[in-house]
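Below: the structure, in structure tokens.
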Amino acid sequence: LELTRGTGDLTGTLTIKDGAALAAVEPRLRLGSGVIAARITGDLRRPAVGLNARLTNLTVPYVTADLAALQATLDPIDTGARYRFQAKGSVQGLGIAAKDRSARFATGGFAGTGSAALDGSMVQADALSIDLPELAVKGSGSWQRDGATAATLSIAAGALKPLGEIFQVMLAGSGDAKISVQRQGPGASWQADLSLQGQGLQLPQPDLQMLVDGKLQATASLAVAPDGAIAVNRLQLDKTRLGLTGKARFTANLESVTGEASVTAADLGFLSKTAGTPLAGRGTAAVTASGKTADPAVRAAITLAGLRVAGVQLGQAEIKASVESAVRAPHGQVKLTASPPPDWPALQGIQAESGFALASERLSLTGIAIHAGGAAATGQVALD
């Protein structure tokens, strides 16, 4: 120590031979043994700090490691209270757990560089990274107490199987995701953009697998207002058997919603297994929803073209439906207009409509009216 100059060069080492006693201080912390070495140099009012640690049999919430090593430095970068930080580390025998689910990796690494103010007024993360076998996470961001906030995160998964192990689902394939978040300042809305891609996907739900057919591309842009209202300004789904674009707005606490979506299917053949008969054709749908988020009213207009069922050409059809209380007690009206092929003259000008209600697993069709080729029929039906 140079007390007259206010400088020094201090080093110290902490050796933990048996970390079991640490559980009495923090029950969620487990440690076998460890060595932590620190060095403090320079102006004692604003010193540079170096840290090296090596820990064995480490357990913290959601993470376990047979061996963890860390190197970190803090260096003053101006006459104020700002410091630049650098850190890197490695892990052997890494386990990641969520409740009773876990995945294990042979090795892992992490690194980060940036700067921060000791008074907590700002943090700048120039580069953050986590590298695991088949999984890489990279990010950066900045935060200012009285200014703007921005962050980006990218995830590249060469294999999705380890993520499936964490969530205990059968998952395979590869994918990547990108997320960016920003806010111009206190009181401003949060803005976020998300993108997701997947290839060679094998999903646990047969219906989802049928829909994505091994590939997926999705993008979304949303904003969160200071009062909690959420605006999904753009939602798009591509490279699947159903294409989707849409937008929606939710009031604070997600109580109410207004939204619209457009769905396209270039080939309806993927529904053949579900329908139990060969299907062909193409379809589009325009859907709107409004009202309480948990029980909205829904309007849909569906157009089918080149429709073929079990090898029989059925032509074109338009379906319009309005549904009230779509979740708790669905009821409403449905109308069908169809244009069979010209060689079916007896069925030209098909029109059908009906009211419907679903309650206690009973579907009631009321006010049924069917018109086709000069013939007409009316009635009602109840199906249990």
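Labels used: A, B, ... for chains in the order of the structure tokens, numbers from 1 for residues in each chain, and numbers from 1 for ligands as shown.
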Discussion item. Residues within 12 Å of Arg183 in chain A, please, as a ChimeraX atom specification. Count only C-alpha atoms; anything in the same chain fewer than 2 positions from it doesn't count.
Written reply: /A:141-151,180-181,185-192,223-226
Discussion item. Just list as number ranges by chain whatever in range 119-340 of chain A DSSP marks as strand (DSSP E or B).
Written reply: A: 122-132, 135-144, 149-157, 172-183, 190-202, 215-224, 230-238, 243-250, 256-265, 279-292, 297-309, 312-324, 331-339
Worksheet, complete the sentence: What separates CA of Ser195 in chain A and CA of Asp238 in chain A is a distance of 11.2 Å
Worksheet item: Which residues come within 6 Å of range 313-325 of chain A, counting only C-alpha atoms, excluding same-chain residues fewer than 2 positions away, as a PyMOL selection string?
Response: chain A and resi 295-308+327-341
Discussion item. With only C-alpha atoms as the counted atoms, please give the residues lying no more than 9 Å from range 243-260 of chain A, apart from itself and same-chain residues fewer than 4 positions off, as an NGL selection string.
Written reply: :A and (225 or 227-239 or 264-266 or 286-294 or 296)
Take the selection from the previous step and output its residues with N, CA, C and O atoms, as an mmCIF file, in the first residue's frame.
data_model
loop_
_atom_site.group_PDB
_atom_site.id
_atom_site.type_symbol
_atom_site.label_atom_id
_atom_site.label_comp_id
_atom_site.auth_asym_id
_atom_site.auth_seq_id
_atom_site.Cartn_x
_atom_site.Cartn_y
_atom_site.Cartn_z
ATOM 1 N N ALA A 225 -47.530 -0.829 -24.234
ATOM 2 C CA ALA A 225 -47.697 0.546 -23.771
ATOM 3 C C ALA A 225 -47.471 0.637 -22.263
ATOM 4 O O ALA A 225 -47.532 -0.375 -21.558
ATOM 5 N N ASP A 227 -49.397 1.531 -19.998
ATOM 6 C CA ASP A 227 -50.545 1.057 -19.212
ATOM 7 C C ASP A 227 -50.748 -0.449 -19.314
ATOM 8 O O ASP A 227 -51.690 -1.000 -18.753
ATOM 9 N N GLY A 228 -49.854 -1.143 -20.052
ATOM 10 C CA GLY A 228 -49.943 -2.590 -20.172
ATOM 11 C C GLY A 228 -50.651 -3.084 -21.414
ATOM 12 O O GLY A 228 -50.696 -4.299 -21.654
ATOM 13 N N ALA A 229 -51.217 -2.181 -22.216
ATOM 14 C CA ALA A 229 -51.866 -2.606 -23.453
ATOM 15 C C ALA A 229 -50.821 -3.145 -24.425
ATOM 16 O O ALA A 229 -49.708 -2.629 -24.507
ATOM 17 N N ILE A 230 -51.186 -4.179 -25.172
ATOM 18 C CA ILE A 230 -50.258 -4.835 -26.088
ATOM 19 C C ILE A 230 -50.817 -4.746 -27.504
ATOM 20 O O ILE A 230 -51.988 -5.061 -27.747
ATOM 21 N N ALA A 231 -49.965 -4.317 -28.419
ATOM 22 C CA ALA A 231 -50.331 -4.275 -29.831
ATOM 23 C C ALA A 231 -49.422 -5.220 -30.601
ATOM 24 O O ALA A 231 -48.205 -5.018 -30.631
ATOM 25 N N VAL A 232 -49.996 -6.257 -31.173
ATOM 26 C CA VAL A 232 -49.253 -7.142 -32.069
ATOM 27 C C VAL A 232 -49.432 -6.555 -33.467
ATOM 28 O O VAL A 232 -50.448 -6.790 -34.130
ATOM 29 N N ASN A 233 -48.479 -5.754 -33.893
ATOM 30 C CA ASN A 233 -48.633 -5.023 -35.144
ATOM 31 C C ASN A 233 -48.444 -5.907 -36.369
ATOM 32 O O ASN A 233 -48.929 -5.582 -37.447
ATOM 33 N N ARG A 234 -47.733 -7.007 -36.195
ATOM 34 C CA ARG A 234 -47.525 -7.915 -37.316
ATOM 35 C C ARG A 234 -47.210 -9.303 -36.794
ATOM 36 O O ARG A 234 -46.373 -9.478 -35.921
ATOM 37 N N LEU A 235 -47.894 -10.286 -37.352
ATOM 38 C CA LEU A 235 -47.607 -11.690 -37.051
ATOM 39 C C LEU A 235 -47.666 -12.440 -38.372
ATOM 40 O O LEU A 235 -48.658 -12.346 -39.103
ATOM 41 N N GLN A 236 -46.604 -13.163 -38.682
ATOM 42 C CA GLN A 236 -46.548 -13.849 -39.962
ATOM 43 C C GLN A 236 -45.945 -15.236 -39.790
ATOM 44 O O GLN A 236 -44.953 -15.413 -39.084
ATOM 45 N N LEU A 237 -46.569 -16.208 -40.443
ATOM 46 C CA LEU A 237 -46.117 -17.596 -40.401
ATOM 47 C C LEU A 237 -45.959 -18.083 -41.832
ATOM 48 O O LEU A 237 -46.898 -18.005 -42.632
ATOM 49 N N ASP A 238 -44.756 -18.557 -42.167
ATOM 50 C CA ASP A 238 -44.450 -19.007 -43.525
ATOM 51 C C ASP A 238 -43.793 -20.382 -43.483
ATOM 52 O O ASP A 238 -43.434 -20.889 -42.422
ATOM 53 N N LYS A 239 -43.609 -20.937 -44.680
ATOM 54 C CA LYS A 239 -42.916 -22.212 -44.872
ATOM 55 C C LYS A 239 -43.595 -23.369 -44.163
ATOM 56 O O LYS A 239 -42.990 -24.391 -43.874
ATOM 57 N N THR A 264 -53.905 -18.971 -45.442
ATOM 58 C CA THR A 264 -53.922 -19.554 -46.786
ATOM 59 C C THR A 264 -53.381 -20.980 -46.737
ATOM 60 O O THR A 264 -52.473 -21.288 -45.977
ATOM 61 N N ALA A 265 -53.965 -21.834 -47.558
ATOM 62 C CA ALA A 265 -53.492 -23.210 -47.714
ATOM 63 C C ALA A 265 -53.405 -23.492 -49.211
ATOM 64 O O ALA A 265 -54.432 -23.550 -49.899
ATOM 65 N N ALA A 266 -52.186 -23.644 -49.712
ATOM 66 C CA ALA A 266 -52.004 -23.883 -51.148
ATOM 67 C C ALA A 266 -52.444 -25.276 -51.562
ATOM 68 O O ALA A 266 -52.787 -25.509 -52.720
ATOM 69 N N ALA A 286 -60.389 -15.496 -43.922
ATOM 70 C CA ALA A 286 -60.221 -14.211 -43.252
ATOM 71 C C ALA A 286 -60.980 -14.289 -41.935
ATOM 72 O O ALA A 286 -62.184 -14.580 -41.922
ATOM 73 N N VAL A 287 -60.291 -14.060 -40.829
ATOM 74 C CA VAL A 287 -60.871 -14.254 -39.500
ATOM 75 C C VAL A 287 -60.699 -12.978 -38.679
ATOM 76 O O VAL A 287 -59.633 -12.349 -38.710
ATOM 77 N N THR A 288 -61.725 -12.602 -37.941
ATOM 78 C CA THR A 288 -61.628 -11.492 -37.001
ATOM 79 C C THR A 288 -62.121 -11.955 -35.636
ATOM 80 O O THR A 288 -62.947 -12.861 -35.534
ATOM 81 N N ALA A 289 -61.603 -11.356 -34.601
ATOM 82 C CA ALA A 289 -62.017 -11.664 -33.232
ATOM 83 C C ALA A 289 -62.122 -10.371 -32.447
ATOM 84 O O ALA A 289 -61.308 -9.456 -32.626
ATOM 85 N N SER A 290 -63.110 -10.288 -31.575
ATOM 86 C CA SER A 290 -63.279 -9.085 -30.755
ATOM 87 C C SER A 290 -64.022 -9.447 -29.483
ATOM 88 O O SER A 290 -64.736 -10.450 -29.418
ATOM 89 N N GLY A 291 -63.840 -8.597 -28.480
ATOM 90 C CA GLY A 291 -64.519 -8.817 -27.204
ATOM 91 C C GLY A 291 -63.573 -9.277 -26.122
ATOM 92 O O GLY A 291 -62.374 -8.980 -26.156
ATOM 93 N N LYS A 292 -64.083 -10.019 -25.159
ATOM 94 C CA LYS A 292 -63.257 -10.515 -24.071
ATOM 95 C C LYS A 292 -62.240 -11.516 -24.593
ATOM 96 O O LYS A 292 -62.585 -12.403 -25.366
ATOM 97 N N THR A 293 -61.010 -11.371 -24.163
ATOM 98 C CA THR A 293 -59.954 -12.260 -24.657
ATOM 99 C C THR A 293 -60.249 -13.719 -24.345
ATOM 100 O O THR A 293 -59.988 -14.604 -25.167
ATOM 101 N N ALA A 294 -60.819 -13.974 -23.181
ATOM 102 C CA ALA A 294 -61.096 -15.357 -22.782
ATOM 103 C C ALA A 294 -62.330 -15.932 -23.463
ATOM 104 O O ALA A 294 -62.542 -17.148 -23.424
ATOM 105 N N PRO A 296 -64.074 -14.529 -26.901
ATOM 106 C CA PRO A 296 -64.374 -13.502 -27.909
ATOM 107 C C PRO A 296 -65.485 -13.924 -28.864
ATOM 108 O O PRO A 296 -65.894 -15.082 -28.920
#
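Backbone DSSP assigns helix (DSSP H, G or I) in range 167-260 of chain A to Pro206, Asp207, Leu208, Gln209, Met210, Leu211, Val212, Ala252, Asn253 and Leu254 of chain A.
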Worksheet entry | d(CA of Lys273 in chain A, CA of Ser174 in chain A) in Å |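 So the two atoms, CA of Lys273 in chain A and CA of Ser174 in chain A, lie 26.4 Å apart.
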Discussion item. From the options A:Ala23, A:Lys215, A:Ala220, A:Asp193, which residue's atoms come nearest to Arg241 in chain A, counting only C-alpha atoms?
Written reply: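 When distances to Arg241 in chain A are compared using only C-alpha atoms, the smallest one comes from A:Lys215.
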Item to complete: Pick out the closest residue to Ala37 in chain A from this set: A:Val60, A:Ala285, A:Ala24, A:Gln71. Count only C-alpha atoms.
Response: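 Of A:Val60, A:Ala285, A:Ala24, A:Gln71, the one nearest Ala37 in chain A is A:Gln71, counting only C-alpha atoms.
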